[in-house]
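K.L.:
Mind having a look at this structure? Questions to follow.
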Amino acid sequence: MRPSPHRAPGLLLALLALLALATQAPAKAPAKSLALWPWPSSVKVSPKLLNIVVENFLIDHGPNSTAGPSCSLLQEAFRRYYNYIFGFHKRYHGPAEFQGGAQLQQLQVSITLKSECDSFPNVSSDESYSLLVKEPVAFLKANSVWGALRGLETFSQLVYQDSYGAFTIKESSITDSPRFAHRGILIDTSRHYLPVKTILKTLDAMAFNKFNVLHWHIVDDQSFPYQSTAFPELSNKGSYSLSHIYTPRDVHTVLEYARFRGIRVIPEFDTPGHAASWGKGQKGLLTPCYNPSQQIEKFGPINPILNTTYTFFNTFFKEISSVFPDQFIHLGGDEVDFECWSSNPNILNFMKKKGFGRNFIRLESFYIKNIFNIITSLKKHSIVWQEVFDDGIELQPDTVVEVWKGENYFEDLKQVTSSGFAAILAAPWYLDAISYGQDWRRYYMVEPLNFVGSKKEKQLVIGGEACLWGEYVDATNLIPRLWPRASAVGERLWSPATVTNLDDAYSRLVIHRCRMVSRGIAAQPVFTGHCSHEYEMKK
């Protein structure tokens, strides 16, 4: 039985208003001379070229900005983007000669409303911006620092460097905002441990593609690399080794690095299934599985019938809620094996007393409702995989359902949103499923709202995620397997729905891939060809 419909969660009302505004600006036909990625909401380009003299060019705060020199987030972004635009040139060319003519001397960045310099981004963050490039000063305006970060990325993509090292930019006017508020990348650090530097490199690439959520599937059956301060034995005994853990300092590094790029970090602690590694460091947490002779054969999902289970999770999630600042915690809930529960006489006796019969979905619901209550008491909100919804488990009104299963994901989106729940789409964007050829095209052509539904239902699709599960992925191949394939998902989630021309996308993506490579991202080739900077490096 499906959950009964609910009103849209209060937390999402501001978000839905932002989404409505984001869809109002009409998309212009992409200009072939520009390699912007993802394509902005509105672009107007003049043929007039402005020269940029590297030594004379400045990125700084506008005079009336609510964020000034004390805003370290923006100061660091100014330094970072100056280096992205000009750093490669300085390394391989030295000073360029100014040829004369019209010149762009400065980019002024103004925050017009609350700066949020010291905040973390959230589901309702305003990422809109406007950019006016005109002699002699360019103006970037945004309501908050999050929009300014997106605008800086766009500005960096407008600058063109010729083969002699000279920099130019066309006079242009851009207004932009994302189509969807949740644009995520899932990484899996349980099947293979990913070094912190690899995660940071992933965050860099995410910013280049205007993704704003790192879904950190941090633990699973295979290993428990998260180092808990309340329960240190979880990682001491559940990780691959003591070298394969994320210390509190590591987690803080990831969170701050992400914040400085306008990226939320949502941790996933998946239970009651996918929890084998938990039991190594927390005795009594997993369910004993019995064989026909009533001997304990192995251990299965989390044991849902013990009070100690919920005492443990109350303490554990209290820690998680204080470590991770985002409003949401992903609770998983997928692929629960009922066979172990059905073999355990204590489980069966508990179910009989509760009146559950042998309906293990009711037992699962009992467990998940208890976990929901813990999360709610910590003033956090939950994301779950779609099985939790499919099984008819009663959800909190503000629960977000992540749709990941099979070919019928549009029907699943319809079911979730018609029941009043916000949804994230992941099903068509499992990047661990690789194939020969340009599979980015398939990802690019997915239209997340291509289901029969009301305007209200479609507004409840808050975005999507490109997922890269870790069975065959570690630090050696994570980056090239993600990029630029994930870039296709990034444009689909940012750009207007009308931006669908594959030929134009290909021409821009080839250049964008080279741009990422020049910035240190080992993105794999889109197809045959070469990057111009490869020639410069050879020289």
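Here, A, B, ... name the chains of the structure tokens in the order displayed, residue numbers run from 1 inside each chain, and ligands are numbered from 1 in the same displayed order.
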With only C-alpha atoms as the counted atoms, please give the residues lying no more than 7 Å from Gly238 in chain A, apart from itself and same-chain residues fewer than 5 positions off, as a PyMOL selection string.
P.N.:
chain A and resi 223-224+277-278+280-281
K.L.:
Would you write out those residues with all heavy atoms, as a short mmCIF file (atom, residue, chain, number, x, y, z; two decimals), in the first residue's frame?
P.N.:
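The new file again02.cif reads:
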```
data_model
loop_
_atom_site.label_atom_id
_atom_site.label_comp_id
_atom_site.auth_asym_id
_atom_site.auth_seq_id
_atom_site.Cartn_x
_atom_site.Cartn_y
_atom_site.Cartn_z
N SER A 223 33.48 -2.15 4.27
CA SER A 223 34.36 -1.47 5.24
C SER A 223 33.65 -0.30 5.88
O SER A 223 32.65 0.21 5.36
CB SER A 223 35.65 -1.00 4.56
OG SER A 223 35.42 0.12 3.72
N PHE A 224 34.17 0.11 7.02
CA PHE A 224 33.63 1.23 7.79
C PHE A 224 34.76 2.23 8.03
O PHE A 224 35.39 2.24 9.09
CB PHE A 224 33.07 0.73 9.13
CG PHE A 224 32.14 1.70 9.80
CD1 PHE A 224 30.78 1.47 9.81
CD2 PHE A 224 32.61 2.84 10.43
CE1 PHE A 224 29.90 2.35 10.43
CE2 PHE A 224 31.75 3.73 11.06
CZ PHE A 224 30.39 3.48 11.05
N SER A 277 29.86 -4.34 8.00
CA SER A 277 31.06 -3.77 8.62
C SER A 277 30.77 -3.15 9.98
O SER A 277 31.67 -3.04 10.81
CB SER A 277 31.69 -2.72 7.70
OG SER A 277 30.83 -1.61 7.53
N TRP A 278 29.52 -2.75 10.23
CA TRP A 278 29.17 -2.17 11.53
C TRP A 278 29.37 -3.19 12.66
O TRP A 278 29.79 -2.84 13.77
CB TRP A 278 27.72 -1.72 11.55
CG TRP A 278 27.30 -0.66 10.59
CD1 TRP A 278 27.26 -0.75 9.23
CD2 TRP A 278 26.82 0.66 10.91
NE1 TRP A 278 26.78 0.42 8.69
CE2 TRP A 278 26.50 1.31 9.69
CE3 TRP A 278 26.61 1.34 12.10
CZ2 TRP A 278 26.00 2.60 9.63
CZ3 TRP A 278 26.11 2.63 12.05
CH2 TRP A 278 25.82 3.26 10.83
N LYS A 280 31.42 -5.54 13.15
CA LYS A 280 32.77 -5.89 13.59
C LYS A 280 33.21 -5.07 14.80
O LYS A 280 33.97 -5.56 15.64
CB LYS A 280 33.75 -5.69 12.43
CG LYS A 280 33.48 -6.61 11.25
CD LYS A 280 34.42 -6.32 10.08
CE LYS A 280 34.10 -7.23 8.89
NZ LYS A 280 34.97 -6.93 7.72
N GLY A 281 32.72 -3.85 14.88
CA GLY A 281 33.14 -2.98 15.97
C GLY A 281 32.04 -2.67 16.98
O GLY A 281 32.29 -1.96 17.95
#
```
K.L.:
Which of range 104-284 of chain A counts as helix (DSSP H, G or I) under DSSP, as number ranges by chain please?
P.N.:
A: 145-158, 196-208, 233-238, 248-259, 276-281
K.L.:
List every residue of range 141-213 of chain A that has an atom at most 12 Å from any atom of range 489-513 of chain A, and for each one report the closest atom pair and its distance in Å to one decimal, counting only C-alpha atoms, with rows sorted by chain and then by increasing residue number, as a tab-separated table.
P.N.:
```
residue	atom	partner	partner_atom	distance
A:Arg150	CA	A:Trp494	CA	10.9
A:Glu153	CA	A:His512	CA	11.8
A:Thr154	CA	A:His512	CA	11.6
A:Ser156	CA	A:His512	CA	11.4
A:Gln157	CA	A:His512	CA	8.5
A:Leu158	CA	A:His512	CA	11.4
A:Tyr160	CA	A:Ile511	CA	11.3
A:Thr175	CA	A:Ser495	CA	11.8
A:Asp176	CA	A:Ser495	CA	8.8
A:Ser177	CA	A:Trp494	CA	7.5
A:Pro178	CA	A:Trp494	CA	4.4
A:Arg179	CA	A:Trp494	CA	4.9
A:Phe180	CA	A:Leu493	CA	5.6
A:Ala181	CA	A:Leu493	CA	8.3
A:His182	CA	A:Leu493	CA	8.1
A:Arg183	CA	A:Leu493	CA	6.2
A:Gly184	CA	A:Gly490	CA	8.4
A:Ile185	CA	A:Gly490	CA	9.3
A:Ala205	CA	A:Arg513	CA	10.4
A:Met206	CA	A:Gly490	CA	8.6
A:Ala207	CA	A:Gly490	CA	10.1
A:Phe208	CA	A:His512	CA	9.1
A:Asn209	CA	A:Gly490	CA	5.9
A:Lys210	CA	A:Gly490	CA	6.7
A:Phe211	CA	A:Gly490	CA	6.2
A:Asn212	CA	A:Gly490	CA	9.7
A:Val213	CA	A:Gly490	CA	11.2
```
K.L.:
Please produce an output containing N, CA and C atoms for each residue in the selection, written as a compact mmCIF listing (two decimals), in the first residue's frame.
P.N.:
```
# COMPACT_ATOMS: atom_id res chain seq x y z
N ARG A 150 29.27 30.52 -8.79
CA ARG A 150 28.85 30.02 -10.10
C ARG A 150 29.18 31.03 -11.21
N GLU A 153 32.85 30.92 -12.19
CA GLU A 153 33.14 29.81 -13.09
C GLU A 153 32.77 30.19 -14.53
N THR A 154 31.60 30.81 -14.70
CA THR A 154 31.18 31.21 -16.04
C THR A 154 32.14 32.24 -16.63
N SER A 156 35.26 32.63 -16.00
CA SER A 156 36.53 31.97 -16.36
C SER A 156 36.41 31.24 -17.69
N GLN A 157 35.21 30.77 -18.01
CA GLN A 157 35.01 30.04 -19.27
C GLN A 157 34.85 30.97 -20.47
N LEU A 158 34.58 32.25 -20.23
CA LEU A 158 34.45 33.23 -21.31
C LEU A 158 35.79 33.70 -21.84
N TYR A 160 39.29 33.72 -23.46
CA TYR A 160 39.92 32.91 -24.51
C TYR A 160 41.39 33.30 -24.64
N THR A 175 22.50 36.16 -17.65
CA THR A 175 21.73 35.95 -16.42
C THR A 175 21.53 34.46 -16.28
N ASP A 176 21.66 33.96 -15.07
CA ASP A 176 21.72 32.51 -14.92
C ASP A 176 21.25 32.07 -13.54
N SER A 177 20.66 30.90 -13.51
CA SER A 177 20.29 30.23 -12.27
C SER A 177 20.04 28.77 -12.61
N PRO A 178 20.20 27.88 -11.64
CA PRO A 178 20.04 26.46 -11.93
C PRO A 178 18.58 26.06 -12.09
N ARG A 179 18.35 25.08 -12.94
CA ARG A 179 17.00 24.55 -13.11
C ARG A 179 16.58 23.71 -11.90
N PHE A 180 17.52 22.92 -11.36
CA PHE A 180 17.23 22.08 -10.21
C PHE A 180 18.15 22.46 -9.05
N ALA A 181 17.62 22.37 -7.85
CA ALA A 181 18.38 22.79 -6.67
C ALA A 181 19.35 21.73 -6.19
N HIS A 182 19.07 20.45 -6.48
CA HIS A 182 19.92 19.36 -6.01
C HIS A 182 20.62 18.73 -7.22
N ARG A 183 21.93 18.95 -7.30
CA ARG A 183 22.72 18.44 -8.44
C ARG A 183 23.93 17.71 -7.85
N GLY A 184 23.78 16.39 -7.74
CA GLY A 184 24.72 15.65 -6.92
C GLY A 184 25.62 14.67 -7.64
N ILE A 185 26.73 14.36 -6.97
CA ILE A 185 27.64 13.29 -7.35
C ILE A 185 27.74 12.34 -6.16
N ALA A 205 36.34 19.35 -9.55
CA ALA A 205 35.66 19.07 -10.81
C ALA A 205 34.16 19.34 -10.71
N MET A 206 33.58 19.05 -9.58
CA MET A 206 32.16 19.35 -9.38
C MET A 206 31.89 20.84 -9.53
N ALA A 207 32.76 21.66 -8.95
CA ALA A 207 32.58 23.11 -9.06
C ALA A 207 32.71 23.57 -10.51
N PHE A 208 33.61 22.95 -11.28
CA PHE A 208 33.77 23.33 -12.69
C PHE A 208 32.51 23.01 -13.50
N ASN A 209 31.69 22.09 -12.99
CA ASN A 209 30.47 21.68 -13.69
C ASN A 209 29.20 22.13 -12.96
N LYS A 210 29.37 22.96 -11.95
CA LYS A 210 28.27 23.55 -11.18
C LYS A 210 27.40 22.50 -10.47
N PHE A 211 28.00 21.38 -10.06
CA PHE A 211 27.33 20.48 -9.13
C PHE A 211 27.38 21.10 -7.73
N ASN A 212 26.39 20.77 -6.90
CA ASN A 212 26.38 21.39 -5.57
C ASN A 212 26.12 20.43 -4.42
N VAL A 213 26.13 19.12 -4.67
CA VAL A 213 25.94 18.14 -3.59
C VAL A 213 26.91 16.99 -3.77
```
K.L.:
List the spatial neighbours of Ser228 in chain A as a list of chain:residue names - criterion: any atom at most 8 Å away, only C-alpha atoms, same-chain residues fewer than 6 positions off excluded.
P.N.:
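In the requested form, the answer reads A:Leu234, A:Ser235, A:Pro248, A:Phe316, A:Glu319.
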K.L.:
Rank nothing, just name the residue among A:Ile266, A:Leu286, A:Ala77, A:Val123 nearest to Ile320 in chain A, using only C-alpha atoms.
P.N.:
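The shortest atom-to-atom distance to Ile320 in chain A comes from A:Ile266.
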K.L.:
My list of candidates is A:Phe324, A:Phe451, A:Phe260, A:Trp469. Which is closest to Glu76 in chain A when distances are computed with only C-alpha atoms?
P.N.:
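The closest residue to Glu76 in chain A is A:Phe260.
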